[in-house]
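Visitor: Data: work35.pdb, PDB, C-alpha atoms and all ligand atoms.
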ATOM      1  CA  MET A   1      26.299   6.603  -7.154
ATOM      2  CA  THR A   2      24.133   4.300  -5.003
ATOM      3  CA  THR A   3      25.434   0.825  -4.276
ATOM      4  CA  THR A   4      22.767  -1.866  -4.428
ATOM      5  CA  ARG A   5      23.312  -5.133  -2.564
ATOM      6  CA  PHE A   6      21.930  -8.317  -4.102
ATOM      7  CA  HIS A   7      20.572 -11.256  -2.084
ATOM      8  CA  ALA A   8      19.112 -14.548  -3.261
ATOM      9  CA  PRO A   9      17.793 -16.293  -0.133
ATOM     10  CA  GLU A  10      16.437 -19.836  -0.288
ATOM     11  CA  ARG A  11      13.943 -19.341   2.536
ATOM     12  CA  LEU A  12      10.868 -17.155   2.580
ATOM     13  CA  ASP A  13      11.458 -16.063   6.188
ATOM     14  CA  GLU A  14      14.946 -14.841   5.253
ATOM     15  CA  ALA A  15      13.540 -12.771   2.362
ATOM     16  CA  ILE A  16      10.918 -11.281   4.692
ATOM     17  CA  ARG A  17      13.547 -10.494   7.325
ATOM     18  CA  LEU A  18      15.713  -8.651   4.771
ATOM     19  CA  LEU A  19      12.769  -6.709   3.353
ATOM     20  CA  ALA A  20      11.260  -5.797   6.712
ATOM     21  CA  ALA A  21      14.577  -4.431   7.976
ATOM     22  CA  ASP A  22      15.037  -1.953   5.137
ATOM     23  CA  ASP A  23      12.246   0.037   3.503
ATOM     24  CA  GLU A  24      14.543   0.826   0.542
ATOM     25  CA  ALA A  25      14.911  -2.912  -0.284
ATOM     26  CA  ARG A  26      12.882  -4.386  -3.143
ATOM     27  CA  PRO A  27      11.950  -7.958  -4.045
ATOM     28  CA  LEU A  28      12.877  -9.111  -7.558
ATOM     29  CA  ALA A  29      10.623 -11.563  -9.401
ATOM     30  CA  GLY A  30      10.629 -11.674 -13.222
ATOM     31  CA  GLY A  31      12.258  -8.234 -13.423
ATOM     32  CA  GLN A  32      10.030  -7.197 -16.336
ATOM     33  CA  THR A  33       8.886  -4.075 -14.511
ATOM     34  CA  LEU A  34      11.562  -3.663 -11.831
ATOM     35  CA  VAL A  35      14.530  -3.813 -14.201
ATOM     36  CA  ALA A  36      12.850  -1.381 -16.607
ATOM     37  CA  MET A  37      12.369   1.033 -13.673
ATOM     38  CA  LEU A  38      16.021   0.637 -12.643
ATOM     39  CA  ASN A  39      17.153   1.259 -16.221
ATOM     40  CA  ALA A  40      15.038   4.414 -16.380
ATOM     41  CA  ASP A  41      16.486   5.605 -13.026
ATOM     42  CA  LEU A  42      13.013   5.631 -11.492
ATOM     43  CA  LEU A  43      14.228   3.533  -8.560
ATOM     44  CA  SER A  44      17.509   3.001  -6.775
ATOM     45  CA  PRO A  45      16.899   0.357  -4.105
ATOM     46  CA  SER A  46      19.508  -0.201  -1.412
ATOM     47  CA  GLN A  47      19.031  -3.975  -1.696
ATOM     48  CA  ILE A  48      17.464  -6.314  -4.213
ATOM     49  CA  ILE A  49      16.056  -9.523  -2.792
ATOM     50  CA  SER A  50      15.641 -12.121  -5.524
ATOM     51  CA  LEU A  51      12.722 -14.494  -4.935
ATOM     52  CA  HIS A  52      13.926 -17.026  -7.502
ATOM     53  CA  ARG A  53      15.399 -19.617  -5.151
ATOM     54  CA  ILE A  54      12.458 -19.779  -2.755
ATOM     55  CA  ALA A  55      10.651 -23.088  -3.318
ATOM     56  CA  ALA A  56       7.623 -21.995  -1.250
ATOM     57  CA  LEU A  57       6.725 -19.425  -3.941
ATOM     58  CA  LYS A  58       6.618 -21.944  -6.798
ATOM     59  CA  GLY A  59       4.015 -24.269  -8.276
ATOM     60  CA  ILE A  60       0.312 -24.445  -9.064
ATOM     61  CA  GLU A  61      -1.605 -26.844  -6.851
ATOM     62  CA  LYS A  62      -5.220 -28.000  -6.835
ATOM     63  CA  ARG A  63      -6.264 -28.532  -3.212
ATOM     64  CA  SER A  64      -8.688 -31.081  -1.808
ATOM     65  CA  ASP A  65     -11.470 -28.461  -1.428
ATOM     66  CA  GLY A  66     -11.244 -27.665  -5.175
ATOM     67  CA  SER A  67      -9.443 -24.352  -4.691
ATOM     68  CA  VAL A  68      -6.250 -23.665  -6.629
ATOM     69  CA  ARG A  69      -3.112 -22.169  -5.041
ATOM     70  CA  ILE A  70      -0.785 -20.428  -7.494
ATOM     71  CA  GLY A  71       2.714 -19.665  -6.203
ATOM     72  CA  ALA A  72       3.748 -16.029  -6.694
ATOM     73  CA  MET A  73       6.745 -16.990  -8.863
ATOM     74  CA  THR A  74       4.547 -18.719 -11.466
ATOM     75  CA  THR A  75       5.248 -17.105 -14.821
ATOM     76  CA  HIS A  76       2.506 -15.769 -17.075
ATOM     77  CA  ALA A  77       3.453 -18.454 -19.652
ATOM     78  CA  GLY A  78       3.280 -21.191 -17.006
ATOM     79  CA  LEU A  79      -0.164 -20.018 -15.967
ATOM     80  CA  ALA A  80      -1.434 -19.687 -19.542
ATOM     81  CA  ARG A  81      -0.577 -23.314 -20.317
ATOM     82  CA  SER A  82      -1.397 -24.840 -16.933
ATOM     83  CA  ASP A  83      -3.770 -27.782 -17.056
ATOM     84  CA  VAL A  84      -4.491 -27.367 -13.332
ATOM     85  CA  LEU A  85      -6.618 -24.328 -14.232
ATOM     86  CA  ARG A  86      -9.813 -25.777 -15.633
ATOM     87  CA  ASP A  87     -13.339 -24.657 -16.447
ATOM     88  CA  GLY A  88     -14.158 -21.257 -14.855
ATOM     89  CA  HIS A  89     -10.596 -20.840 -13.566
ATOM     90  CA  ARG A  90      -9.412 -20.736 -17.205
ATOM     91  CA  LEU A  91     -10.309 -17.025 -17.054
ATOM     92  CA  LEU A  92      -6.992 -16.405 -15.300
ATOM     93  CA  ALA A  93      -5.080 -18.509 -17.833
ATOM     94  CA  GLN A  94      -6.771 -16.559 -20.627
ATOM     95  CA  ALA A  95      -5.708 -13.244 -19.043
ATOM     96  CA  ALA A  96      -2.130 -14.553 -18.561
ATOM     97  CA  GLY A  97      -1.968 -15.488 -22.251
ATOM     98  CA  ARG A  98      -2.823 -11.913 -23.254
ATOM     99  CA  ILE A  99       0.024 -10.288 -21.290
ATOM    100  CA  GLY A 100       2.679  -8.525 -23.378
ATOM    101  CA  HIS A 101       4.477 -10.879 -25.727
ATOM    102  CA  GLU A 102       6.236 -14.213 -25.345
ATOM    103  CA  ALA A 103       9.471 -12.904 -23.827
ATOM    104  CA  ILE A 104       7.516 -10.995 -21.142
ATOM    105  CA  ARG A 105       5.292 -14.010 -20.435
ATOM    106  CA  ASN A 106       8.310 -16.299 -20.053
ATOM    107  CA  ARG A 107       9.920 -14.105 -17.360
ATOM    108  CA  GLY A 108       7.133 -12.069 -15.712
ATOM    109  CA  THR A 109       5.333 -13.588 -12.719
ATOM    110  CA  ILE A 110       1.847 -13.330 -11.292
ATOM    111  CA  GLY A 111       3.256 -12.228  -7.913
ATOM    112  CA  GLY A 112       5.252  -9.380  -9.469
ATOM    113  CA  ALA A 113       2.351  -8.226 -11.620
ATOM    114  CA  VAL A 114      -0.125  -8.292  -8.734
ATOM    115  CA  ALA A 115       2.281  -6.519  -6.351
ATOM    116  CA  HIS A 116       2.932  -3.798  -8.937
ATOM    117  CA  GLY A 117      -0.795  -2.954  -9.018
ATOM    118  CA  ASP A 118      -1.038  -1.462 -12.518
ATOM    119  CA  PRO A 119      -4.736  -0.772 -13.234
ATOM    120  CA  SER A 120      -4.260  -1.537 -16.951
ATOM    121  CA  ALA A 121      -2.674  -4.924 -16.242
ATOM    122  CA  ASP A 122      -4.485  -8.118 -17.153
ATOM    123  CA  TYR A 123      -4.634  -9.956 -13.823
ATOM    124  CA  PRO A 124      -6.481  -7.460 -11.572
ATOM    125  CA  PRO A 125      -9.927  -7.634 -13.271
ATOM    126  CA  ALA A 126      -9.622 -11.411 -13.758
ATOM    127  CA  LEU A 127      -8.758 -11.921 -10.063
ATOM    128  CA  VAL A 128     -11.647  -9.726  -8.927
ATOM    129  CA  ALA A 129     -14.088 -11.550 -11.235
ATOM    130  CA  LEU A 130     -12.909 -14.907  -9.829
ATOM    131  CA  ASP A 131     -13.192 -13.782  -6.184
ATOM    132  CA  ALA A 132      -9.493 -14.592  -5.768
ATOM    133  CA  VAL A 133      -7.574 -14.115  -2.552
ATOM    134  CA  ILE A 134      -4.021 -12.794  -2.309
ATOM    135  CA  GLU A 135      -1.872 -14.632   0.241
ATOM    136  CA  ALA A 136       0.617 -12.122   1.676
ATOM    137  CA  VAL A 137       3.425 -13.051   4.054
ATOM    138  CA  GLY A 138       5.280 -10.513   6.161
ATOM    139  CA  PRO A 139       7.006  -9.990   9.495
ATOM    140  CA  LYS A 140       3.688 -10.446  11.332
ATOM    141  CA  GLY A 141       2.871 -13.706   9.547
ATOM    142  CA  LYS A 142       0.442 -14.663   6.811
ATOM    143  CA  ARG A 143      -2.783 -12.940   5.837
ATOM    144  CA  GLU A 144      -5.318 -13.488   3.081
ATOM    145  CA  ILE A 145      -6.617 -10.396   1.292
ATOM    146  CA  PRO A 146      -9.583 -10.562  -1.118
ATOM    147  CA  ALA A 147      -8.558  -9.254  -4.560
ATOM    148  CA  SER A 148     -11.377  -6.698  -4.333
ATOM    149  CA  ASP A 149      -9.613  -5.126  -1.301
ATOM    150  CA  PHE A 150      -6.032  -5.711  -2.452
ATOM    151  CA  PHE A 151      -5.953  -3.188  -5.320
ATOM    152  CA  GLN A 152      -6.291   0.192  -3.621
ATOM    153  CA  GLY A 153      -5.273   2.780  -6.213
ATOM    154  CA  PHE A 154      -2.873   3.513  -9.063
ATOM    155  CA  LEU A 155       0.212   1.306  -8.364
ATOM    156  CA  THR A 156      -1.028   1.003  -4.779
ATOM    157  CA  THR A 157      -1.921  -2.249  -3.052
ATOM    158  CA  ALA A 158      -2.762  -3.470   0.439
ATOM    159  CA  LEU A 159       0.764  -4.884   0.919
ATOM    160  CA  GLY A 160       2.501  -3.496   4.008
ATOM    161  CA  GLN A 161       6.195  -2.905   4.719
ATOM    162  CA  GLY A 162       8.155  -6.141   4.425
ATOM    163  CA  GLU A 163       5.199  -8.093   3.034
ATOM    164  CA  ILE A 164       5.389 -10.066  -0.164
ATOM    165  CA  VAL A 165       2.785 -11.789  -2.294
ATOM    166  CA  ALA A 166       3.325 -15.501  -1.629
ATOM    167  CA  ALA A 167       0.422 -16.949  -3.620
ATOM    168  CA  ILE A 168      -2.904 -16.347  -5.287
ATOM    169  CA  ILE A 169      -5.823 -18.553  -4.280
ATOM    170  CA  LEU A 170      -8.788 -19.224  -6.546
ATOM    171  CA  PRO A 171     -11.822 -20.433  -4.582
ATOM    172  CA  PRO A 172     -13.616 -23.553  -5.837
ATOM    173  CA  SER A 173     -17.039 -21.899  -6.252
ATOM    174  CA  LEU A 174     -16.311 -19.955  -9.426
ATOM    175  CA  ASN A 175     -14.754 -22.953 -11.100
ATOM    176  CA  GLN A 176     -18.366 -23.804 -11.985
ATOM    177  CA  ALA A 177     -18.865 -20.470 -13.760
ATOM    178  CA  ARG A 178     -18.660 -19.805 -17.474
ATOM    179  CA  THR A 179     -15.977 -17.170 -17.821
ATOM    180  CA  HIS A 180     -14.308 -15.023 -20.447
ATOM    181  CA  TYR A 181     -11.567 -12.378 -20.598
ATOM    182  CA  GLU A 182     -11.886  -9.739 -23.327
ATOM    183  CA  LYS A 183      -9.045  -7.290 -23.904
ATOM    184  CA  PHE A 184      -8.812  -4.351 -26.249
ATOM    185  CA  ALA A 185      -5.293  -3.002 -26.793
ATOM    186  CA  ARG A 186      -3.862  -0.684 -29.438
ATOM    187  CA  VAL A 187      -1.525  -3.427 -30.634
ATOM    188  CA  GLU A 188      -0.946  -7.025 -29.594
ATOM    189  CA  GLY A 189       1.497  -6.987 -26.671
ATOM    190  CA  ASP A 190       0.360  -3.690 -25.178
ATOM    191  CA  PHE A 191      -1.402  -3.119 -21.868
ATOM    192  CA  ALA A 192      -5.197  -2.943 -22.108
ATOM    193  CA  THR A 193      -6.972   0.205 -23.193
ATOM    194  CA  VAL A 194     -10.024  -1.514 -21.686
ATOM    195  CA  SER A 195     -10.445  -5.098 -20.513
ATOM    196  CA  VAL A 196     -13.459  -7.044 -19.256
ATOM    197  CA  ALA A 197     -13.487 -10.181 -17.096
ATOM    198  CA  VAL A 198     -16.845 -11.965 -16.866
ATOM    199  CA  ALA A 199     -18.064 -14.858 -14.725
ATOM    200  CA  LEU A 200     -21.595 -16.221 -15.211
ATOM    201  CA  TRP A 201     -23.093 -18.917 -13.027
ATOM    202  CA  ARG A 202     -26.543 -20.145 -12.074
ATOM    203  CA  GLY A 203     -27.962 -17.256 -10.086
ATOM    204  CA  GLY A 204     -25.058 -14.863 -10.460
ATOM    205  CA  VAL A 205     -23.036 -12.569 -12.699
ATOM    206  CA  ARG A 206     -19.769 -10.826 -11.978
ATOM    207  CA  ILE A 207     -18.042  -8.319 -14.231
ATOM    208  CA  ALA A 208     -14.778  -6.495 -13.530
ATOM    209  CA  LEU A 209     -13.242  -3.931 -15.865
ATOM    210  CA  GLY A 210      -9.564  -3.043 -16.259
ATOM    211  CA  GLY A 211      -8.006   0.148 -17.629
ATOM    212  CA  VAL A 212     -10.927   2.403 -16.730
ATOM    213  CA  GLY A 213     -10.119   3.477 -13.191
ATOM    214  CA  PRO A 214      -7.358   3.283 -10.583
ATOM    215  CA  VAL A 215      -8.618  -0.173  -9.490
ATOM    216  CA  PRO A 216     -10.776  -2.833 -11.199
ATOM    217  CA  VAL A 217     -14.284  -1.433 -11.668
ATOM    218  CA  ARG A 218     -17.461  -3.305 -10.703
ATOM    219  CA  SER A 219     -21.085  -2.176 -10.533
ATOM    220  CA  ALA A 220     -23.515  -4.068  -8.277
ATOM    221  CA  GLU A 221     -26.398  -2.384 -10.159
ATOM    222  CA  ALA A 222     -25.103  -3.599 -13.512
ATOM    223  CA  GLU A 223     -24.710  -7.143 -12.205
ATOM    224  CA  ALA A 224     -28.250  -7.085 -10.718
ATOM    225  CA  GLU A 225     -29.628  -5.749 -14.017
ATOM    226  CA  LEU A 226     -27.981  -8.570 -15.966
ATOM    227  CA  GLN A 227     -29.284 -11.186 -13.566
ATOM    228  CA  ALA A 228     -32.841  -9.803 -13.547
ATOM    229  CA  GLY A 229     -32.828  -9.365 -17.332
ATOM    230  CA  GLN A 230     -31.402 -12.861 -17.909
ATOM    231  CA  LEU A 231     -28.595 -11.496 -20.067
ATOM    232  CA  SER A 232     -30.991 -10.161 -22.725
ATOM    233  CA  ASP A 233     -29.645  -7.574 -25.187
ATOM    234  CA  ALA A 234     -31.627  -4.872 -23.335
ATOM    235  CA  ALA A 235     -30.177  -5.906 -19.964
ATOM    236  CA  ILE A 236     -26.652  -5.946 -21.398
ATOM    237  CA  ASN A 237     -27.133  -2.455 -22.849
ATOM    238  CA  ASP A 238     -28.402  -1.157 -19.489
ATOM    239  CA  ALA A 239     -25.551  -2.870 -17.642
ATOM    240  CA  GLY A 240     -23.043  -1.382 -20.089
ATOM    241  CA  ALA A 241     -24.369   2.119 -19.328
ATOM    242  CA  LEU A 242     -24.179   1.459 -15.563
ATOM    243  CA  LEU A 243     -20.584   0.252 -15.903
ATOM    244  CA  VAL A 244     -19.689   3.379 -17.886
ATOM    245  CA  ALA A 245     -21.154   5.457 -15.023
ATOM    246  CA  ALA A 246     -19.121   3.470 -12.461
ATOM    247  CA  SER A 247     -15.860   3.889 -14.390
ATOM    248  CA  ASP A 248     -13.334   6.689 -13.952
ATOM    249  CA  PRO A 249     -11.068   6.501 -17.001
ATOM    250  CA  LEU A 250      -8.083   8.714 -17.753
ATOM    251  CA  ASP A 251      -6.819  10.189 -21.007
ATOM    252  CA  ASP A 252      -3.474   8.571 -21.778
ATOM    253  CA  VAL A 253      -1.406   7.170 -24.633
ATOM    254  CA  ARG A 254      -3.664   4.117 -24.829
ATOM    255  CA  GLY A 255      -6.817   6.123 -25.485
ATOM    256  CA  SER A 256      -8.880   9.067 -24.314
ATOM    257  CA  ALA A 257     -11.327   8.750 -21.434
ATOM    258  CA  ASP A 258     -14.183   9.231 -23.899
ATOM    259  CA  TYR A 259     -12.888   6.474 -26.182
ATOM    260  CA  ARG A 260     -12.630   4.125 -23.205
ATOM    261  CA  ARG A 261     -16.240   4.922 -22.190
ATOM    262  CA  ARG A 262     -17.364   4.033 -25.711
ATOM    263  CA  LEU A 263     -15.470   0.750 -25.625
ATOM    264  CA  ILE A 264     -16.961  -0.472 -22.334
ATOM    265  CA  PRO A 265     -20.502  -1.443 -23.502
ATOM    266  CA  ARG A 266     -19.202  -3.102 -26.669
ATOM    267  CA  LEU A 267     -16.583  -5.158 -24.857
ATOM    268  CA  VAL A 268     -19.002  -6.094 -22.073
ATOM    269  CA  LYS A 269     -21.454  -7.466 -24.626
ATOM    270  CA  ARG A 270     -18.719  -9.332 -26.459
ATOM    271  CA  ALA A 271     -17.402 -10.833 -23.211
ATOM    272  CA  ILE A 272     -20.836 -11.957 -21.985
ATOM    273  CA  ARG A 273     -21.745 -13.567 -25.288
ATOM    274  CA  ALA A 274     -18.354 -15.330 -25.442
ATOM    275  CA  ALA A 275     -18.771 -16.631 -21.864
ATOM    276  CA  GLN A 276     -22.284 -17.898 -22.684
ATOM    277  CA  ALA A 277     -20.932 -19.754 -25.695
ATOM    278  CA  LYS A 278     -18.718 -21.856 -23.411
ATOM    279  CA  ASP A 279     -20.029 -25.220 -22.186
ATOM    280  CA  ALA A 280     -22.724 -24.853 -19.537
ATOM    281  CA  ARG A 281     -21.961 -26.564 -16.227
TER     282      ARG A 281
HETATM  283  C1  LIG B 301       7.092  -4.528 -22.883
HETATM  284  C2  LIG B 301       6.178  -4.930 -21.748
HETATM  285  C3  LIG B 301       4.848  -5.211 -22.007
HETATM  286  C4  LIG B 301       4.003  -5.578 -20.979
HETATM  287  N1  LIG B 301       2.683  -5.829 -21.268
HETATM  288  C5  LIG B 301       1.847  -6.167 -20.285
HETATM  289  C6  LIG B 301       0.474  -6.438 -20.569
HETATM  290  O1  LIG B 301       0.010  -6.410 -21.716
HETATM  291  N2  LIG B 301      -0.325  -6.761 -19.516
HETATM  292  C7  LIG B 301       0.143  -6.839 -18.220
HETATM  293  O2  LIG B 301      -0.641  -7.141 -17.323
HETATM  294  N3  LIG B 301       1.439  -6.613 -17.934
HETATM  295  C8  LIG B 301       2.302  -6.282 -18.927
HETATM  296  N4  LIG B 301       3.610  -6.053 -18.626
HETATM  297  C9  LIG B 301       4.097  -6.178 -17.221
HETATM  298  C10 LIG B 301       4.493  -7.627 -16.946
HETATM  299  O3  LIG B 301       3.314  -8.381 -16.726
HETATM  300  C11 LIG B 301       5.396  -7.801 -15.723
HETATM  301  O4  LIG B 301       5.804  -9.142 -15.750
HETATM  302  C12 LIG B 301       4.788  -7.583 -14.355
HETATM  303  O5  LIG B 301       4.204  -6.325 -14.191
HETATM  304  C13 LIG B 301       5.815  -7.643 -13.251
HETATM  305  O6  LIG B 301       6.116  -8.972 -12.964
HETATM  306  P1  LIG B 301       7.590  -9.401 -12.698
HETATM  307  O7  LIG B 301       7.521 -10.801 -12.185
HETATM  308  O8  LIG B 301       8.436  -9.156 -13.872
HETATM  309  O9  LIG B 301       7.974  -8.456 -11.457
HETATM  310  P2  LIG B 301       9.262  -7.512 -11.156
HETATM  311  O10 LIG B 301       9.531  -6.623 -12.320
HETATM  312  O11 LIG B 301      10.374  -8.378 -10.700
HETATM  313  O12 LIG B 301       8.677  -6.709  -9.965
HETATM  314  C14 LIG B 301       7.633  -5.757 -10.136
HETATM  315  C15 LIG B 301       7.375  -5.046  -8.813
HETATM  316  O13 LIG B 301       6.776  -5.930  -7.870
HETATM  317  C16 LIG B 301       7.655  -6.167  -6.748
HETATM  318  N5  LIG B 301       7.523  -7.610  -6.511
HETATM  319  C17 LIG B 301       7.872  -8.615  -7.356
HETATM  320  N6  LIG B 301       7.457  -9.794  -6.857
HETATM  321  C18 LIG B 301       6.842  -9.529  -5.681
HETATM  322  C19 LIG B 301       6.186 -10.327  -4.705
HETATM  323  N7  LIG B 301       6.053 -11.657  -4.848
HETATM  324  N8  LIG B 301       5.670  -9.715  -3.619
HETATM  325  C20 LIG B 301       5.775  -8.371  -3.462
HETATM  326  N9  LIG B 301       6.377  -7.547  -4.350
HETATM  327  C21 LIG B 301       6.894  -8.133  -5.445
HETATM  328  C22 LIG B 301       9.019  -5.679  -7.186
HETATM  329  O14 LIG B 301       9.811  -5.246  -6.103
HETATM  330  C23 LIG B 301       8.641  -4.536  -8.129
HETATM  331  O15 LIG B 301       8.306  -3.390  -7.372
HETATM  332  C24 LIG B 301       4.498  -5.685 -19.638
HETATM  333  C25 LIG B 301       5.846  -5.434 -19.372
HETATM  334  C26 LIG B 301       6.694  -5.062 -20.404
HETATM  335  C27 LIG B 301       8.140  -4.805 -20.083
END
Since I need it in another form, could you write the structure as structure tokens?
Ligand SMILES: Cc1cc2nc3c(=O)[nH]c(=O)nc-3n(C[C@H](O)[C@H](O)[C@H](O)COP(=O)(O)OP(=O)(O)OC[C@H]3O[C@@H](n4cnc5c(N)ncnc54)[C@H](O)[C@@H]3O)c2cc1C

Guide:
Amino acid sequence: MTTTRFHAPERLDEAIRLLAADDEARPLAGGQTLVAMLNADLLSPSQIISLHRIAALKGIEKRSDGSVRIGAMTTHAGLARSDVLRDGHRLLAQAAGRIGHEAIRNRGTIGGAVAHGDPSADYPPALVALDAVIEAVGPKGKREIPASDFFQGFLTTALGQGEIVAAIILPPSLNQARTHYEKFARVEGDFATVSVAVALWRGGVRIALGGVGPVPVRSAEAEAELQAGQLSDAAINDAGALLVAASDPLDDVRGSADYRRRLIPRLVKRAIRAAQAKDAR
């Protein structure tokens, strides 16, 4: 039987030191994924480093340049009801409110979800659509990684040994956008079969899909088509087809690859029309 040591440091540098010194150590956030993996014997870490007492990982703060910094230990429920996230940034709150069910949202954190890198999770497409940046801290210091580079494959992220997600930063620019998060799941509380995050602003469109590839899927051609076609029905249909071509879905318990391809154009249209219906800025 493996013995696991438990630590609950109060300082971020102490957590980093413990993690960097042992590649079998794991950080613990909300435990909604980690504890399930321990219970299923999928992991047996030598050390668990709880992040709960580290003040530097907490809080949602609007900064003077209009960007928003979300501490990694912010729960999904805290994010969903935050009044710091306004206007276009509500996209992330909307995605947080669609995660699992209440018990999961009360414990699970944005840092844990992002670090886990599940391609069917709700945050990855929303973060890509909002041009978010992941603030990672490790033994070599702090670095900022664009969300579009952070998610690298199935359960694979850009985090290196000993690095943790410290915060998520939403840039001010897309706060002006009209945004919407559309999720299709088999039942309420499940991961997405397909999800669509949309941001529309004067002169630009961004769409990121979840659940249809190992990382969030975008198509520059689809976004150009939507912009040139001024979001007409024809342009949305063409963009939907381009996004289907850019996707790489799997067959799994949440739906076949073919079913997912059929969902994409419908959900894209629904998401764009819902974003347009929000107040213009
Ligand atoms: C029944 C159920 C339904 C769910 N439904 C959904 C859903 O619909 N949509 C969705 O998106 N998610 C869903 N989830 C996952 C949920 O969002 C989890 O909260 C999330 O994946 C992990 O967050 P956590 O804070 O609990 O992290 P933990 O379980 O504590 O950790 C997860 C992993 O990340 C690592 N980690 C934790 N924090 C950090 C950090 N700051 N830096 C680096 N590594 C870190 C851990 O070592 C572990 O490997 C569901 C989970 C369950 C159990």

Visitor: Could you please extract the residues within 7 Å of ligand LIG 301 (chain B), counting only C-alpha atoms and all ligand atoms, and hand them back as a ChimeraX atom specification?

Guide: /A:26-36,72-73,98-101,104-105,107-113,115-116,120-123,163-166,189-192

Visitor: What does the PyMOL selection byres (((chain A and resi 184) around 7) and not hetatm) select in this file, as an NGL selection string?

Guide: :A and (182-183 or 185-186 or 192-195)

Visitor: Running the PyMOL selection byres (((chain A and resi 151) around 12) and not hetatm) on this model by hand, what would come out? Give it as JSON, numbers by chain.

Guide: {"A": [113, 114, 115, 116, 117, 118, 119, 120, 121, 123, 124, 125, 127, 128, 132, 133, 134, 145, 146, 147, 148, 149, 150, 152, 153, 154, 155, 156, 157, 158, 159, 210, 213, 214, 215, 216, 217]}

Visitor: Env of region 56-59 of chain A: 8 Å cut, atoms = all atoms listed in the file, seq-sep filter 5 positions within chain, self excluded. Answer as a PDB file with C-alpha atoms, keeping the file's coordinate frame.

Guide:
ATOM      1  CA  ARG A  11      13.943 -19.341   2.536  1.00  0.00           C
ATOM      2  CA  LEU A  12      10.868 -17.155   2.580  1.00  0.00           C
ATOM      3  CA  LEU A  51      12.722 -14.494  -4.935  1.00  0.00           C
ATOM      4  CA  ILE A  70      -0.785 -20.428  -7.494  1.00  0.00           C
ATOM      5  CA  GLY A  71       2.714 -19.665  -6.203  1.00  0.00           C
ATOM      6  CA  ALA A  72       3.748 -16.029  -6.694  1.00  0.00           C
ATOM      7  CA  MET A  73       6.745 -16.990  -8.863  1.00  0.00           C
ATOM      8  CA  THR A  74       4.547 -18.719 -11.466  1.00  0.00           C
ATOM      9  CA  ALA A 166       3.325 -15.501  -1.629  1.00  0.00           C
ATOM     10  CA  ALA A 167       0.422 -16.949  -3.620  1.00  0.00           C
TER      11      ALA A 167
END

Visitor: Write out as number ranges by chain the residues lying within 7 Å of region 263-270 of chain A, counting only C-alpha atoms and excluding same-chain residues fewer than 3 positions away.

Guide: A: 182, 196, 236-237, 240-241, 244, 259-260, 273-274

Visitor: For the residues in that selection, give me C-alpha atoms as an mmCIF file, in the frame of the given file.

Guide:
data_model
loop_
_atom_site.group_PDB
_atom_site.id
_atom_site.type_symbol
_atom_site.label_atom_id
_atom_site.label_comp_id
_atom_site.auth_asym_id
_atom_site.auth_seq_id
_atom_site.Cartn_x
_atom_site.Cartn_y
_atom_site.Cartn_z
ATOM 1 C CA GLU A 182 -11.886 -9.739 -23.327
ATOM 2 C CA VAL A 196 -13.459 -7.044 -19.256
ATOM 3 C CA ILE A 236 -26.652 -5.946 -21.398
ATOM 4 C CA ASN A 237 -27.133 -2.455 -22.849
ATOM 5 C CA GLY A 240 -23.043 -1.382 -20.089
ATOM 6 C CA ALA A 241 -24.369 2.119 -19.328
ATOM 7 C CA VAL A 244 -19.689 3.379 -17.886
ATOM 8 C CA TYR A 259 -12.888 6.474 -26.182
ATOM 9 C CA ARG A 260 -12.630 4.125 -23.205
ATOM 10 C CA ARG A 273 -21.745 -13.567 -25.288
ATOM 11 C CA ALA A 274 -18.354 -15.330 -25.442
#

Visitor: Which one of A:Val187, A:Leu43, A:Val253, A:Ile168 sits closest to Leu79 (chain A) if you count all atoms listed in the file?

Guide: A:Ile168

Visitor: Determine the residue membership of the PyMOL selection byres (((chain A and resi 20) around 12) and not hetatm) for the file above and supply it as a list in words.

Guide: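 Here the PyMOL selection byres (((chain A and resi 20) around 12) and not hetatm) matches Asp13, Glu14, Ala15, Ile16, Arg17, Leu18, Leu19, Ala21, Asp22, Asp23, Glu24, Ala25, Arg26, Pro27, Gln47, Ile49, Val137, Gly138, Pro139, Lys140, Gly141, Gly160, Gln161, Gly162, Glu163 and Ile164 of chain A.
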
Visitor: For Glu102 (chain A), which residue among A:Ala77, A:Ile272, A:Ala126, A:Leu209 is the nearest when counting all atoms listed in the file?

Guide: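 That would be A:Ala77, the residue with the smallest distance to Glu102 (chain A).
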
Visitor: Quote the spacing between CA of Ala93 (chain A) and CA of Ser173 (chain A) in Å to one decimal place.

Guide: 17.0 Å

Visitor: Take the point (-30.4, -12.0, -13.0) in the file's coordinates, draw a sphere of radius 12 Å around it, and report as a PyMOL selection string every protein, DNA or RNA residue with an atom inside or on it, counting only C-alpha atoms.

Guide: chain A and resi 200-206+220-232+235-236+239

Visitor: Can you tell me, as lines of an AutoDock Vina configuration file, the centre and edge lengths (Å, one decimal) of the axis-aligned box enclosing all of region 20-38 of chain A's listed atoms after padding each side by 4 Å?

Guide:
center_x = 12.5
center_y = -5.3
center_z = -4.3
size_x = 15.1
size_y = 20.7
size_z = 32.6

Visitor: So, with all atoms listed in the file as the atoms that count, which of A:Ala208, A:Val84, A:Ala199, A:Leu242 lies closest to Lys278 (chain A)?

Guide: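 Using all atoms listed in the file, the shortest distance to Lys278 (chain A) belongs to A:Ala199.
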
Visitor: Using all atoms listed in the file, which residues sit within 10 Å of Arg63 (chain A) once same-chain residues fewer than 4 positions away are excluded, as a PyMOL selection string?

Guide: chain A and resi 67-69+171-172

Visitor: Which value, in Å to one decimal, gives the distance between CA of His52 (chain A) and CA of Asn39 (chain A)?

Guide: 20.5 Å

Visitor: Which distance in Å separates CA of Asp87 (chain A) and CA of Ala136 (chain A), to one decimal?

Guide: 26.1 Å
